[in-house]
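Undergrad: Enclosed is the structure file entry_0.cif (mmCIF, C-alpha atoms).
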data_final
loop_
_atom_site.label_atom_id
_atom_site.label_comp_id
_atom_site.auth_asym_id
_atom_site.auth_seq_id
_atom_site.Cartn_x
_atom_site.Cartn_y
_atom_site.Cartn_z
CA MET A 68 -83.29 30.01 -34.24
CA GLU A 69 -84.48 33.31 -32.83
CA LEU A 70 -82.05 36.12 -32.12
CA ARG A 71 -82.98 36.13 -28.43
CA GLU A 72 -81.87 32.50 -28.13
CA LEU A 73 -78.59 33.18 -29.91
CA PHE A 74 -77.44 36.51 -28.58
CA PRO A 75 -75.33 35.80 -25.49
CA VAL A 76 -76.21 38.67 -23.16
CA TRP A 77 -79.83 39.10 -24.34
CA ASN A 78 -81.18 38.77 -20.80
CA GLN A 79 -78.99 41.61 -19.60
CA LEU A 80 -80.26 44.08 -22.21
CA THR A 81 -83.03 46.60 -21.67
CA GLU A 82 -86.34 46.34 -23.53
CA SER A 83 -85.38 49.12 -25.92
CA GLN A 84 -81.92 47.66 -26.59
CA ARG A 85 -83.53 44.33 -27.40
CA SER A 86 -86.02 45.76 -29.82
CA GLU A 87 -83.37 47.90 -31.50
CA LEU A 88 -81.21 44.81 -32.02
CA GLN A 89 -84.21 42.74 -33.16
CA ASN A 90 -85.30 45.38 -35.68
CA ALA A 91 -81.83 45.91 -37.13
CA ALA A 92 -80.72 42.28 -37.41
CA VAL A 93 -81.41 40.42 -40.66
CA LEU A 94 -81.38 36.63 -41.03
CA ARG A 95 -79.70 35.56 -44.26
CA ARG A 96 -79.01 32.20 -45.86
CA PHE A 97 -75.67 31.46 -47.51
CA LYS A 98 -74.86 28.51 -49.74
CA LYS A 99 -71.71 26.50 -49.10
CA GLY A 100 -68.77 28.38 -50.61
CA ALA A 101 -70.47 31.80 -50.54
CA ARG A 102 -68.30 34.77 -49.52
CA LEU A 103 -69.85 36.72 -46.61
CA HIS A 104 -67.11 39.23 -46.05
CA GLY A 105 -63.92 40.16 -47.83
CA GLY A 106 -61.30 42.57 -46.58
CA SER A 107 -61.49 45.49 -44.20
CA ALA A 108 -63.16 47.85 -46.68
CA ASP A 109 -66.17 45.58 -46.59
CA CYS A 110 -67.97 46.33 -43.32
CA VAL A 111 -70.99 44.02 -43.53
CA GLY A 112 -71.61 44.05 -39.80
CA LEU A 113 -71.47 41.44 -37.08
CA LEU A 114 -72.21 37.88 -38.07
CA LEU A 115 -74.07 35.69 -35.60
CA VAL A 116 -74.29 32.07 -36.76
CA SER A 117 -77.72 30.46 -36.42
CA SER A 118 -76.80 27.24 -38.25
CA GLY A 119 -74.00 25.88 -40.43
CA VAL A 120 -70.27 26.60 -40.39
CA LEU A 121 -68.33 29.70 -41.41
CA ARG A 122 -64.63 29.74 -42.18
CA VAL A 123 -62.57 32.82 -41.34
CA PHE A 124 -59.28 33.15 -43.18
CA ILE A 125 -56.60 35.51 -44.41
CA SER A 126 -55.16 35.58 -47.88
CA SER A 127 -51.65 36.41 -49.05
CA ASP A 128 -50.82 38.74 -51.93
CA GLU A 129 -50.53 35.80 -54.25
CA GLY A 130 -53.83 34.30 -53.10
CA ARG A 131 -52.49 31.70 -50.68
CA GLU A 132 -55.06 31.25 -47.89
CA ILE A 133 -54.77 30.21 -44.28
CA THR A 134 -57.71 29.38 -42.01
CA LEU A 135 -57.78 31.38 -38.76
CA TYR A 136 -60.77 29.69 -37.14
CA ARG A 137 -64.20 28.27 -37.80
CA LEU A 138 -67.50 29.69 -36.48
CA PHE A 139 -70.34 27.41 -35.48
CA GLU A 140 -73.89 27.84 -34.17
CA ARG A 141 -74.01 30.72 -31.63
CA ASP A 142 -70.55 31.97 -32.61
CA MET A 143 -70.18 35.59 -33.49
CA CYS A 144 -67.75 37.27 -35.86
CA LEU A 145 -66.62 40.72 -34.75
CA PHE A 146 -64.06 41.43 -37.39
CA SER A 147 -66.53 41.57 -40.22
CA ALA A 148 -67.56 44.82 -38.54
CA SER A 149 -64.07 46.28 -38.72
CA CYS A 150 -65.40 49.80 -39.23
CA MET A 151 -66.79 49.53 -35.68
CA LEU A 152 -63.34 49.34 -34.12
CA HIS A 153 -60.77 51.93 -35.20
CA SER A 154 -57.83 49.76 -34.35
CA ILE A 155 -58.58 46.94 -36.75
CA GLN A 156 -56.25 47.18 -39.68
CA PHE A 157 -56.13 43.82 -41.32
CA GLU A 158 -57.86 42.01 -44.11
CA LEU A 159 -59.92 39.04 -43.19
CA TYR A 160 -62.29 36.91 -45.22
CA VAL A 161 -65.37 34.93 -44.20
CA GLU A 162 -67.06 32.26 -46.27
CA ALA A 163 -69.67 29.57 -45.66
CA GLN A 164 -67.89 26.23 -45.23
CA GLU A 165 -71.33 24.59 -45.08
CA ASP A 166 -74.76 26.02 -45.94
CA ALA A 167 -75.38 28.54 -43.20
CA GLU A 168 -78.02 30.81 -41.67
CA VAL A 169 -76.54 33.94 -40.23
CA TYR A 170 -77.90 37.03 -38.50
CA LEU A 171 -76.29 40.21 -39.82
CA ILE A 172 -76.16 42.97 -37.21
CA PRO A 173 -75.30 46.41 -38.61
CA PRO A 174 -72.02 47.76 -37.17
CA MET A 175 -73.56 51.01 -35.95
CA THR A 176 -76.30 49.14 -34.10
CA TYR A 177 -73.71 47.06 -32.31
CA LYS A 178 -71.46 50.03 -31.63
CA LYS A 179 -74.39 51.86 -30.03
CA LEU A 180 -75.20 48.77 -27.99
CA THR A 181 -71.68 48.40 -26.60
CA SER A 182 -71.57 52.11 -25.82
CA GLU A 183 -74.72 51.73 -23.69
CA SER A 184 -74.57 48.23 -22.27
CA LEU A 185 -71.79 47.10 -19.93
CA ALA A 186 -72.83 43.49 -20.46
CA ALA A 187 -72.46 43.81 -24.24
CA ALA A 188 -69.12 45.66 -23.93
CA ASN A 189 -67.67 43.05 -21.60
CA TYR A 190 -69.04 40.20 -23.70
CA THR A 191 -67.25 41.78 -26.68
CA ASN A 192 -64.04 41.77 -24.64
CA GLU A 193 -64.34 38.07 -23.90
CA LEU A 194 -65.13 37.37 -27.55
CA MET A 195 -62.09 39.28 -28.74
CA ALA A 196 -59.84 37.57 -26.20
CA SER A 197 -61.13 34.22 -27.36
CA ARG A 198 -60.40 34.99 -31.04
CA PHE A 199 -57.02 36.31 -30.01
CA SER A 200 -56.33 32.95 -28.41
CA ASP A 201 -57.32 31.18 -31.63
CA VAL A 202 -54.89 33.26 -33.64
CA MET A 203 -52.12 32.81 -31.07
CA PHE A 204 -52.70 29.07 -31.25
CA LEU A 205 -52.36 29.24 -35.03
CA LEU A 206 -49.16 31.28 -34.74
CA ASP A 207 -47.80 28.70 -32.35
CA GLN A 208 -48.70 25.93 -34.79
CA ILE A 209 -46.93 27.69 -37.63
CA LEU A 210 -43.82 28.35 -35.59
CA ASN A 211 -43.58 25.05 -33.75
CA ARG A 212 -45.27 22.30 -35.59
CA SER A 213 -44.14 20.27 -38.54
CA PHE A 214 -46.40 20.11 -41.58
CA ASP A 215 -47.39 16.46 -41.06
CA ALA A 216 -48.65 17.27 -37.56
CA ARG A 217 -50.69 20.23 -38.82
CA LEU A 218 -52.19 18.13 -41.63
CA ALA A 219 -53.07 15.33 -39.19
CA ALA A 220 -54.72 17.87 -36.86
CA LEU A 221 -56.72 19.38 -39.73
CA LEU A 222 -58.03 15.99 -40.89
CA LEU A 223 -59.16 15.15 -37.36
CA GLU A 224 -60.79 18.57 -36.96
CA GLU A 225 -62.66 18.25 -40.26
CA SER A 226 -63.71 14.72 -39.32
CA SER A 227 -65.14 16.00 -36.05
CA ILE A 228 -67.01 18.81 -37.84
CA ALA A 229 -68.41 16.44 -40.47
CA GLN A 230 -68.90 13.65 -37.89
CA SER A 231 -67.56 11.22 -40.45
CA ASN A 232 -64.29 9.56 -41.48
CA GLU A 233 -65.04 10.42 -45.09
CA LEU A 234 -64.01 14.01 -45.75
CA HIS A 235 -65.11 15.80 -48.90
CA LEU A 236 -62.01 17.91 -49.32
CA THR A 237 -59.75 18.48 -52.29
CA HIS A 238 -55.99 18.82 -51.88
CA ASP A 239 -56.41 22.42 -52.92
CA GLN A 240 -58.93 23.11 -50.13
CA ILE A 241 -56.59 21.51 -47.58
CA ALA A 242 -53.74 23.67 -48.85
CA ARG A 243 -55.93 26.74 -48.36
CA HIS A 244 -56.68 25.79 -44.76
CA LEU A 245 -53.03 25.36 -43.95
CA GLY A 246 -51.53 28.21 -45.95
CA SER A 247 -49.57 25.74 -48.03
CA ALA A 248 -49.30 24.66 -51.68
CA ARG A 249 -51.38 21.89 -53.28
CA GLU A 250 -48.28 19.92 -54.24
CA VAL A 251 -47.05 19.87 -50.64
CA VAL A 252 -50.42 18.54 -49.48
CA THR A 253 -50.50 15.87 -52.20
CA ARG A 254 -47.03 14.69 -51.27
CA MET A 255 -47.85 14.45 -47.57
CA LEU A 256 -51.17 12.70 -48.18
CA ARG A 257 -49.34 10.15 -50.33
CA HIS A 258 -47.02 9.61 -47.38
CA PHE A 259 -50.06 9.25 -45.05
CA GLN A 260 -51.52 6.70 -47.48
CA ALA A 261 -48.28 4.68 -47.54
CA GLU A 262 -48.31 4.71 -43.73
CA GLY A 263 -51.94 3.53 -43.61
CA LEU A 264 -53.10 6.72 -41.87
CA ALA A 265 -55.47 7.98 -44.57
CA GLU A 266 -56.52 7.25 -48.13
CA THR A 267 -57.25 9.78 -50.83
CA GLY A 268 -59.52 9.65 -53.84
CA ARG A 269 -61.09 12.28 -56.08
CA GLY A 270 -62.12 15.08 -53.74
CA VAL A 271 -62.28 12.67 -50.81
CA VAL A 272 -59.97 11.86 -47.92
CA LEU A 273 -60.72 8.75 -45.86
CA ILE A 274 -59.36 8.56 -42.35
CA ARG A 275 -57.96 5.07 -41.80
CA ASP A 276 -56.23 5.32 -38.44
CA ALA A 277 -57.56 8.16 -36.29
CA ALA A 278 -55.58 7.07 -33.24
CA ARG A 279 -52.24 7.31 -35.01
CA LEU A 280 -53.25 10.61 -36.61
CA GLU A 281 -54.00 11.90 -33.13
CA ARG A 282 -50.58 10.85 -31.86
CA LEU A 283 -49.01 12.49 -34.89
CA ALA A 284 -51.02 15.70 -34.38
CA GLY A 285 -50.10 15.88 -30.72
CA ALA A 286 -46.57 14.57 -30.58
CA ALA A 287 -44.81 15.90 -33.64
CA GLN A 288 -43.60 19.14 -32.15
CA ARG A 289 -40.41 20.09 -33.85
CA MET B 106 -45.49 60.27 -14.79
CA GLU B 107 -48.62 60.15 -12.68
CA LEU B 108 -51.22 57.45 -13.25
CA ARG B 109 -53.88 60.06 -14.05
CA GLU B 110 -51.75 61.34 -16.94
CA LEU B 111 -51.18 57.84 -18.30
CA PHE B 112 -54.50 56.09 -17.90
CA PRO B 113 -56.47 56.75 -21.08
CA VAL B 114 -60.04 57.12 -19.80
CA TRP B 115 -59.16 58.65 -16.44
CA ASN B 116 -61.41 61.65 -17.06
CA GLN B 117 -64.39 59.38 -17.62
CA LEU B 118 -64.01 57.55 -14.30
CA THR B 119 -65.89 58.40 -11.12
CA GLU B 120 -64.05 59.74 -8.06
CA SER B 121 -64.24 56.37 -6.31
CA GLN B 122 -63.06 54.46 -9.39
CA ARG B 123 -60.08 56.80 -9.66
CA SER B 124 -59.04 56.44 -6.06
CA GLU B 125 -59.47 52.66 -6.19
CA LEU B 126 -57.18 52.52 -9.23
CA GLN B 127 -54.71 54.95 -7.67
CA ASN B 128 -54.53 52.98 -4.44
CA ALA B 129 -54.10 49.61 -6.11
CA ALA B 130 -51.55 50.57 -8.79
CA VAL B 131 -47.86 50.21 -7.96
CA LEU B 132 -45.05 51.92 -9.87
CA ARG B 133 -42.09 49.61 -10.38
CA ARG B 134 -38.71 50.01 -12.05
CA PHE B 135 -37.27 47.26 -14.23
CA LYS B 136 -33.72 47.01 -15.51
CA LYS B 137 -33.09 46.29 -19.18
CA GLY B 138 -33.50 42.56 -19.72
CA ALA B 139 -35.71 41.97 -16.65
CA ARG B 140 -38.63 39.57 -17.07
CA LEU B 141 -41.97 41.17 -16.07
CA HIS B 142 -44.28 38.36 -16.99
CA GLY B 143 -43.85 34.79 -18.10
CA GLY B 144 -46.61 32.50 -19.24
CA SER B 145 -50.32 32.40 -18.50
CA ALA B 146 -49.90 30.99 -14.99
CA ASP B 147 -48.21 34.22 -14.03
CA CYS B 148 -50.98 36.80 -13.61
CA VAL B 149 -49.02 39.87 -12.56
CA GLY B 150 -51.74 42.30 -13.59
CA LEU B 151 -52.01 44.99 -16.20
CA LEU B 152 -48.84 46.78 -17.17
CA LEU B 153 -49.01 50.47 -17.99
CA VAL B 154 -45.73 51.85 -19.29
CA SER B 155 -44.61 55.15 -17.76
CA SER B 156 -41.18 55.18 -19.43
CA GLY B 157 -38.89 52.83 -21.35
CA VAL B 158 -39.69 50.00 -23.73
CA LEU B 159 -41.19 46.56 -23.07
CA ARG B 160 -40.95 43.65 -25.49
CA VAL B 161 -43.83 41.16 -25.69
CA PHE B 162 -42.97 37.79 -27.20
CA ILE B 163 -43.87 34.14 -27.41
CA SER B 164 -41.49 31.26 -27.01
CA SER B 165 -41.49 27.85 -28.66
CA ASP B 166 -41.01 24.55 -26.83
CA GLU B 167 -37.35 24.60 -27.71
CA GLY B 168 -36.89 28.19 -26.55
CA ARG B 169 -37.06 29.93 -29.92
CA GLU B 170 -38.59 33.39 -29.41
CA ILE B 171 -40.55 35.69 -31.65
CA THR B 172 -41.43 39.30 -30.85
CA LEU B 173 -45.16 40.11 -31.05
CA TYR B 174 -44.96 43.82 -30.40
CA ARG B 175 -43.23 46.50 -28.36
CA LEU B 176 -44.88 48.68 -25.70
CA PHE B 177 -43.85 52.29 -25.24
CA GLU B 178 -44.82 55.14 -22.90
CA ARG B 179 -48.61 55.13 -22.31
CA ASP B 180 -49.04 51.63 -23.80
CA MET B 181 -50.86 49.07 -21.76
CA CYS B 182 -50.43 45.30 -21.69
CA LEU B 183 -53.65 43.40 -21.09
CA PHE B 184 -52.41 39.88 -21.55
CA SER B 185 -50.19 39.93 -18.51
CA ALA B 186 -53.54 39.88 -16.66
CA SER B 187 -54.67 36.70 -18.38
CA CYS B 188 -56.55 35.52 -15.31
CA MET B 189 -58.87 38.49 -15.86
CA LEU B 190 -60.19 37.14 -19.15
CA HIS B 191 -61.33 33.52 -19.20
CA SER B 192 -60.74 33.14 -22.88
CA ILE B 193 -57.02 33.76 -22.90
CA GLN B 194 -55.21 30.51 -23.29
CA PHE B 195 -51.77 31.26 -24.54
CA GLU B 196 -48.35 31.83 -23.09
CA LEU B 197 -46.85 35.22 -23.55
CA TYR B 198 -43.74 36.80 -22.12
CA VAL B 199 -42.90 40.40 -21.32
CA GLU B 200 -39.45 41.78 -20.67
CA ALA B 201 -37.86 45.21 -20.44
CA GLN B 202 -36.08 45.98 -23.71
CA GLU B 203 -34.79 49.18 -22.12
CA ASP B 204 -34.85 50.27 -18.47
CA ALA B 205 -38.52 50.89 -17.77
CA GLU B 206 -40.94 52.32 -15.22
CA VAL B 207 -44.23 50.51 -15.22
CA TYR B 208 -47.47 50.77 -13.25
CA LEU B 209 -48.77 47.36 -12.19
CA ILE B 210 -52.54 47.28 -11.86
CA PRO B 211 -53.89 44.19 -10.07
CA PRO B 212 -56.13 42.10 -12.36
CA MET B 213 -59.07 42.13 -9.97
CA THR B 214 -58.97 45.91 -9.70
CA TYR B 215 -59.12 46.22 -13.46
CA LYS B 216 -61.80 43.57 -13.79
CA LYS B 217 -63.95 45.44 -11.28
CA LEU B 218 -63.32 48.67 -13.18
CA THR B 219 -64.40 47.24 -16.54
CA SER B 220 -67.47 45.69 -14.93
CA GLU B 221 -68.52 49.15 -13.67
CA SER B 222 -67.23 51.61 -16.25
CA LEU B 223 -68.43 51.59 -19.86
CA ALA B 224 -65.55 53.84 -20.82
CA ALA B 225 -63.01 51.38 -19.40
CA ALA B 226 -64.75 48.39 -20.99
CA ASN B 227 -64.83 50.00 -24.41
CA TYR B 228 -61.27 51.23 -24.09
CA THR B 229 -60.28 47.63 -23.35
CA ASN B 230 -62.05 46.60 -26.55
CA GLU B 231 -60.08 49.08 -28.62
CA LEU B 232 -56.86 48.00 -26.93
CA MET B 233 -57.51 44.35 -27.68
CA ALA B 234 -58.43 45.11 -31.29
CA SER B 235 -55.21 47.06 -31.66
CA ARG B 236 -53.07 44.19 -30.29
CA PHE B 237 -55.02 41.81 -32.50
CA SER B 238 -54.00 43.94 -35.48
CA ASP B 239 -50.35 43.77 -34.40
CA VAL B 240 -50.46 39.99 -34.26
CA MET B 241 -52.29 39.74 -37.58
CA PHE B 242 -49.59 41.94 -39.09
CA LEU B 243 -46.95 39.58 -37.73
CA LEU B 244 -48.79 36.56 -39.10
CA ASP B 245 -48.94 38.26 -42.47
CA GLN B 246 -45.21 38.94 -42.30
CA ILE B 247 -44.42 35.35 -41.49
CA LEU B 248 -46.65 34.03 -44.27
CA ASN B 249 -45.80 36.55 -46.96
CA ARG B 250 -42.43 38.08 -46.45
CA SER B 251 -39.00 36.75 -47.17
CA PHE B 252 -36.45 36.67 -44.36
CA ASP B 253 -34.26 39.44 -45.78
CA ALA B 254 -37.25 41.80 -45.84
CA ARG B 255 -38.17 40.97 -42.24
CA LEU B 256 -34.57 41.49 -41.10
CA ALA B 257 -34.37 44.82 -42.94
CA ALA B 258 -37.64 45.93 -41.31
CA LEU B 259 -36.40 44.93 -37.85
CA LEU B 260 -33.13 46.86 -38.23
CA LEU B 261 -35.04 49.99 -39.28
CA GLU B 262 -37.51 49.58 -36.41
CA GLU B 263 -34.73 49.16 -33.85
CA SER B 264 -32.94 52.15 -35.33
CA SER B 265 -36.05 54.26 -34.93
CA ILE B 266 -36.51 53.11 -31.31
CA ALA B 267 -32.84 53.79 -30.48
CA GLN B 268 -32.79 56.93 -32.65
CA SER B 269 -29.39 55.86 -33.90
CA ASN B 270 -27.80 53.97 -36.78
CA GLU B 271 -25.67 52.06 -34.31
CA LEU B 272 -27.71 49.20 -32.89
CA HIS B 273 -26.55 47.30 -29.84
CA LEU B 274 -27.92 43.95 -30.83
CA THR B 275 -26.33 40.52 -30.97
CA HIS B 276 -27.20 38.07 -33.74
CA ASP B 277 -28.84 35.96 -31.09
CA GLN B 278 -31.13 38.82 -30.00
CA ILE B 279 -32.11 39.48 -33.61
CA ALA B 280 -32.90 35.78 -34.06
CA ARG B 281 -35.15 35.97 -30.99
CA HIS B 282 -37.07 38.93 -32.43
CA LEU B 283 -37.68 37.14 -35.69
CA GLY B 284 -38.28 33.60 -34.45
CA SER B 285 -35.25 32.40 -36.36
CA ALA B 286 -31.88 30.76 -35.65
CA ARG B 287 -28.66 32.68 -34.96
CA GLU B 288 -26.87 31.07 -37.91
CA VAL B 289 -29.58 32.25 -40.31
CA VAL B 290 -29.24 35.82 -38.99
CA THR B 291 -25.43 35.71 -39.25
CA ARG B 292 -25.61 34.50 -42.84
CA MET B 293 -28.08 37.20 -43.87
CA LEU B 294 -26.15 39.97 -42.09
CA ARG B 295 -23.02 38.85 -43.93
CA HIS B 296 -25.01 39.21 -47.14
CA PHE B 297 -26.21 42.68 -46.02
CA GLN B 298 -22.59 43.61 -45.33
CA ALA B 299 -21.46 42.45 -48.78
CA GLU B 300 -24.25 44.53 -50.29
CA GLY B 301 -23.23 47.61 -48.28
CA LEU B 302 -26.55 47.73 -46.42
CA ALA B 303 -25.22 47.19 -42.90
CA GLU B 304 -22.05 46.29 -41.08
CA THR B 305 -21.71 44.04 -38.06
CA GLY B 306 -19.24 43.95 -35.23
CA ARG B 307 -19.26 42.45 -31.75
CA GLY B 308 -22.80 43.01 -30.45
CA VAL B 309 -23.25 45.94 -32.82
CA VAL B 310 -25.01 46.39 -36.13
CA LEU B 311 -24.33 49.59 -38.07
CA ILE B 312 -26.91 50.70 -40.60
CA ARG B 313 -25.05 51.83 -43.75
CA ASP B 314 -27.84 52.40 -46.26
CA ALA B 315 -31.21 53.03 -44.64
CA ALA B 316 -32.88 53.94 -47.93
CA ARG B 317 -32.04 50.61 -49.55
CA LEU B 318 -33.02 48.74 -46.38
CA GLU B 319 -36.37 50.50 -46.56
CA ARG B 320 -36.88 49.46 -50.15
CA LEU B 321 -35.94 45.91 -49.23
CA ALA B 322 -38.30 45.92 -46.23
CA GLY B 323 -41.18 47.22 -48.28
CA ALA B 324 -40.73 45.60 -51.64
CA ALA B 325 -39.60 42.09 -50.97
CA GLN B 326 -43.03 40.50 -50.73
CA ARG B 327 -42.72 36.95 -51.91
#
Go ahead and render the structure in this file as structure tokens.
TA:
Amino acid sequence: MELRELFPVWNQLTESQRSELQNAAVLRRFKKGARLHGGSADCVGLLLVSSGVLRVFISSDEGREITLYRLFERDMCLFSASCMLHSIQFELYVEAQEDAEVYLIPPMTYKKLTSESLAAANYTNELMASRFSDVMFLLDQILNRSFDARLAALLLEESSIAQSNELHLTHDQIARHLGSAREVVTRMLRHFQAEGLAETGRGVVLIRDAARLERLAGAAQR
Amino acid sequence: MELRELFPVWNQLTESQRSELQNAAVLRRFKKGARLHGGSADCVGLLLVSSGVLRVFISSDEGREITLYRLFERDMCLFSASCMLHSIQFELYVEAQEDAEVYLIPPMTYKKLTSESLAAANYTNELMASRFSDVMFLLDQILNRSFDARLAALLLEESSIAQSNELHLTHDQIARHLGSAREVVTRMLRHFQAEGLAETGRGVVLIRDAARLERLAGAAQR
């Protein structure tokens, strides 16, 4: 897709702002599993997703990962341009969950744009508030929800992304989404299998009873 | 303090923007423990701290609390004006941790301001990024740090706010900062006491060995 179709406030930019953005942005392709951004030192710029899915996550000192949110077509990642905002002081990683096409917008181009365009500055505010909500939701999940409910919710979310009941996910990948250990995931999936909720094979999870998973995901507040 | 001394981009506002802000803002006094904002339905407006300390926290379904961050003189709370930003969909509470004087700025006044003033819009961006960093730090703490390290860090933080080694805090209040249960706090404080790190009495915690608490707070990454 063209940048002008993807960039949210394109119509509110001036001619020169548009051409500056157009000239600076680069469309790049990333294979599934590729790392687009790692840590705050790495200021690759803003990521604007043209196709595919990106996963944004944090990583603990011992390499345990937890997924913050996913980015889909038209979504934009601000935090990969951490050098743009002084106040950002955290490490965040972005990788392609599926093959993806992504526009890279250099941080200084975007910084100039927001310093000139009210529309771009206020769009950035909404974007940040929206990501903030995602992270607050995650925090709420971690504090309030039992592990079985979080696993059920993840399986349903992945199923909706893949539009299939057959999920190509290893126990290790699931653990990395949920910030947990592989053994914990294996144990819970075995429990799900015994309950007839899901079935697991080599690198595959089959959803058997989406309705009950949904009840579990929604109801099991501790 | 006057609004013009507190509001960060005052000098970059036009005369009419300044007087609009000045006319709309109300200075209010809150007693220690008073609730300023509760939940997203409650859109009291932006809070700009003139004196005192505010505590911003979330609360679980069963009433367990966890402190997100504290606001001091000159700090501003955006999320108490959740109706201003469409994308905010989380419940957040604000209360006075100490007696406080706070300017309330109506959400619509601030929304109008950010829609007119680039300086205000970009300041809002920095503010949001800074709060985002606070919450990411908390998330990192929860995922990576053992409970004794988090408790040690909280005691040192409270001591620095109170500028005293004698903290007027109940075990229940500490539990609410850390999103934990009172019994867990009591057990750990007993351990701290046995180790000569701190001493507890009725509603009081005395810091006995700040240096070792600091080592514990910093080093005990799991």
Undergrad: At most 10 Å is the cut-off: for each residue in chain A with any atom that close to an atom of chain B, write down the nearest atom pair and the distance in Å rounded to one decimal, counting all atoms listed in the file, chain first then increasing number, as a Markdown table.
TA:
| residue | atom | partner | partner_atom | distance |
| --- | --- | --- | --- | --- |
| A:Ile125 | CA | B:Asp245 | CA | 8.4 |
| A:Ser126 | CA | B:Asp245 | CA | 8.7 |
| A:Ser127 | CA | B:Asn249 | CA | 6.2 |
| A:Asp128 | CA | B:Asn249 | CA | 7.4 |
| A:Glu129 | CA | B:Arg327 | CA | 8.2 |
| A:Arg131 | CA | B:Leu248 | CA | 9.0 |
| A:Glu132 | CA | B:Leu248 | CA | 9.6 |
| A:Ile133 | CA | B:Leu248 | CA | 9.0 |
| A:Leu145 | CA | B:Ala234 | CA | 9.9 |
| A:Phe146 | CA | B:Ala234 | CA | 9.1 |
| A:Ser149 | CA | B:Ala234 | CA | 9.4 |
| A:Met151 | CA | B:Glu231 | CA | 9.8 |
| A:Leu152 | CA | B:Glu231 | CA | 6.4 |
| A:His153 | CA | B:Glu231 | CA | 7.2 |
| A:Ser154 | CA | B:Ser235 | CA | 4.6 |
| A:Ile155 | CA | B:Ser238 | CA | 5.6 |
| A:Gln156 | CA | B:Ser238 | CA | 5.8 |
| A:Phe157 | CA | B:Ser238 | CA | 6.2 |
| A:Glu158 | CA | B:Met241 | CA | 8.9 |
| A:Leu159 | CA | B:Met241 | CA | 9.5 |
| A:Lys178 | CA | B:Asn227 | CA | 9.8 |
| A:Thr181 | CA | B:Asn227 | CA | 7.4 |
| A:Ser182 | CA | B:Leu223 | CA | 6.8 |
| A:Glu183 | CA | B:Leu223 | CA | 7.4 |
| A:Ser184 | CA | B:Leu223 | CA | 7.4 |
| A:Leu185 | CA | B:Leu223 | CA | 5.6 |
| A:Ala186 | CA | B:Ser220 | CA | 8.0 |
| A:Ala187 | CA | B:Ala226 | CA | 9.5 |
| A:Ala188 | CA | B:Ala226 | CA | 5.9 |
| A:Asn189 | CA | B:Ala226 | CA | 6.1 |
| A:Tyr190 | CA | B:Ala226 | CA | 9.6 |
| A:Thr191 | CA | B:Asn230 | CA | 7.1 |
| A:Asn192 | CA | B:Asn230 | CA | 5.6 |
| A:Glu193 | CA | B:Ser192 | CA | 6.2 |
| A:Leu194 | CA | B:Ser192 | CA | 7.7 |
| A:Met195 | CA | B:Met233 | CA | 6.9 |
| A:Ala196 | CA | B:Ser192 | CA | 5.6 |
| A:Ser197 | CA | B:Ser192 | CA | 4.6 |
| A:Arg198 | CA | B:Ser192 | CA | 8.4 |
| A:Phe199 | CA | B:Phe237 | CA | 6.4 |
| A:Ser200 | CA | B:Ile193 | CA | 5.6 |
| A:Asp201 | CA | B:Gln194 | CA | 8.6 |
| A:Val202 | CA | B:Met241 | CA | 8.0 |
| A:Met203 | CA | B:Phe195 | CA | 6.7 |
| A:Phe204 | CA | B:Phe195 | CA | 7.1 |
| A:Leu205 | CA | B:Leu244 | CA | 9.1 |
| A:Leu206 | CA | B:Leu244 | CA | 6.9 |
| A:Asp207 | CA | B:Ser165 | CA | 7.4 |
| A:Gln208 | CA | B:Ser165 | CA | 9.7 |
| A:Ile209 | CA | B:Ile247 | CA | 8.9 |
| A:Leu210 | CA | B:Ser165 | CA | 7.3 |
| A:Asn211 | CA | B:Ser165 | CA | 6.2 |
| A:Arg212 | CA | B:Ser165 | CA | 9.6 |
| A:Gly246 | CA | B:Leu248 | CA | 7.8 |
| A:Ser247 | CA | B:Leu248 | CA | 9.6 |
| A:Gln288 | CA | B:Asp166 | CA | 8.0 |
| A:Arg289 | CA | B:Glu167 | CA | 8.2 |
Undergrad: Determine the nearest neighbour of Leu132 in chain B from the options B:Met181, B:Ala316, B:Ile210, B:Ala280, counting only C-alpha atoms.
TA: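 Checking each of B:Met181, B:Ala316, B:Ile210, B:Ala280 against Leu132 in chain B, counting only C-alpha atoms, the winner is B:Ile210.
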Undergrad: Rounded to one decimal place, report the CA of Leu113 in chain A-CA of Phe97 in chain A distance in Å.
TA: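 Interatomic distance here is 15.0 Å.
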Undergrad: If I take CA of Gly306 in chain B and CA of Arg292 in chain B, how far is one from the other in Å, to one decimal?
TA: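 These two atoms are separated by 13.7 Å.
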Undergrad: What separation in Å, quoted to one decimal, exists between CA of Phe177 in chain B and CA of Ser269 in chain B?
TA: 17.2 Å
Undergrad: Could you list, as a ChimeraX atom specification, every residue matched by the PyMOL selection byres ((chain A and resi 138) around 8) in this structure?
TA: /A:116,120-123,136-137,139-140,142-144
Undergrad: Translate the PyMOL selection byres ((chain B and resi 204) around 10) into a concrete residue list for this structure, as an MDAnalysis selection string.
TA: chainID B and resid 134:139 156:159 200:203 205:207
Undergrad: Got a sec to check which residues sit within 12 Å of (-21.8, 47.1, -29.5), counting only C-alpha atoms, and write them as a PyMOL selection string?
TA: chain B and resi 270-276+304-311
Undergrad: Need to verify the contact set: Met255 in chain A, 12 Å, only C-alpha atoms, exclusion of same-chain residues closer than 6 positions in sequence. Can you return it as an NGL selection string?
TA: :A and (213-219 or 238 or 241-242 or 247-249 or 261-262 or 264-267)
Undergrad: Please write as a list in words the full residue list that the PyMOL selection byres ((chain B and resi 212) around 6) yields on this file.
TA: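 Against this file, the PyMOL selection byres ((chain B and resi 212) around 6) returns the residues Gly150, Ala186, Met189, Pro211, Met213, Thr214 and Tyr215 of chain B.
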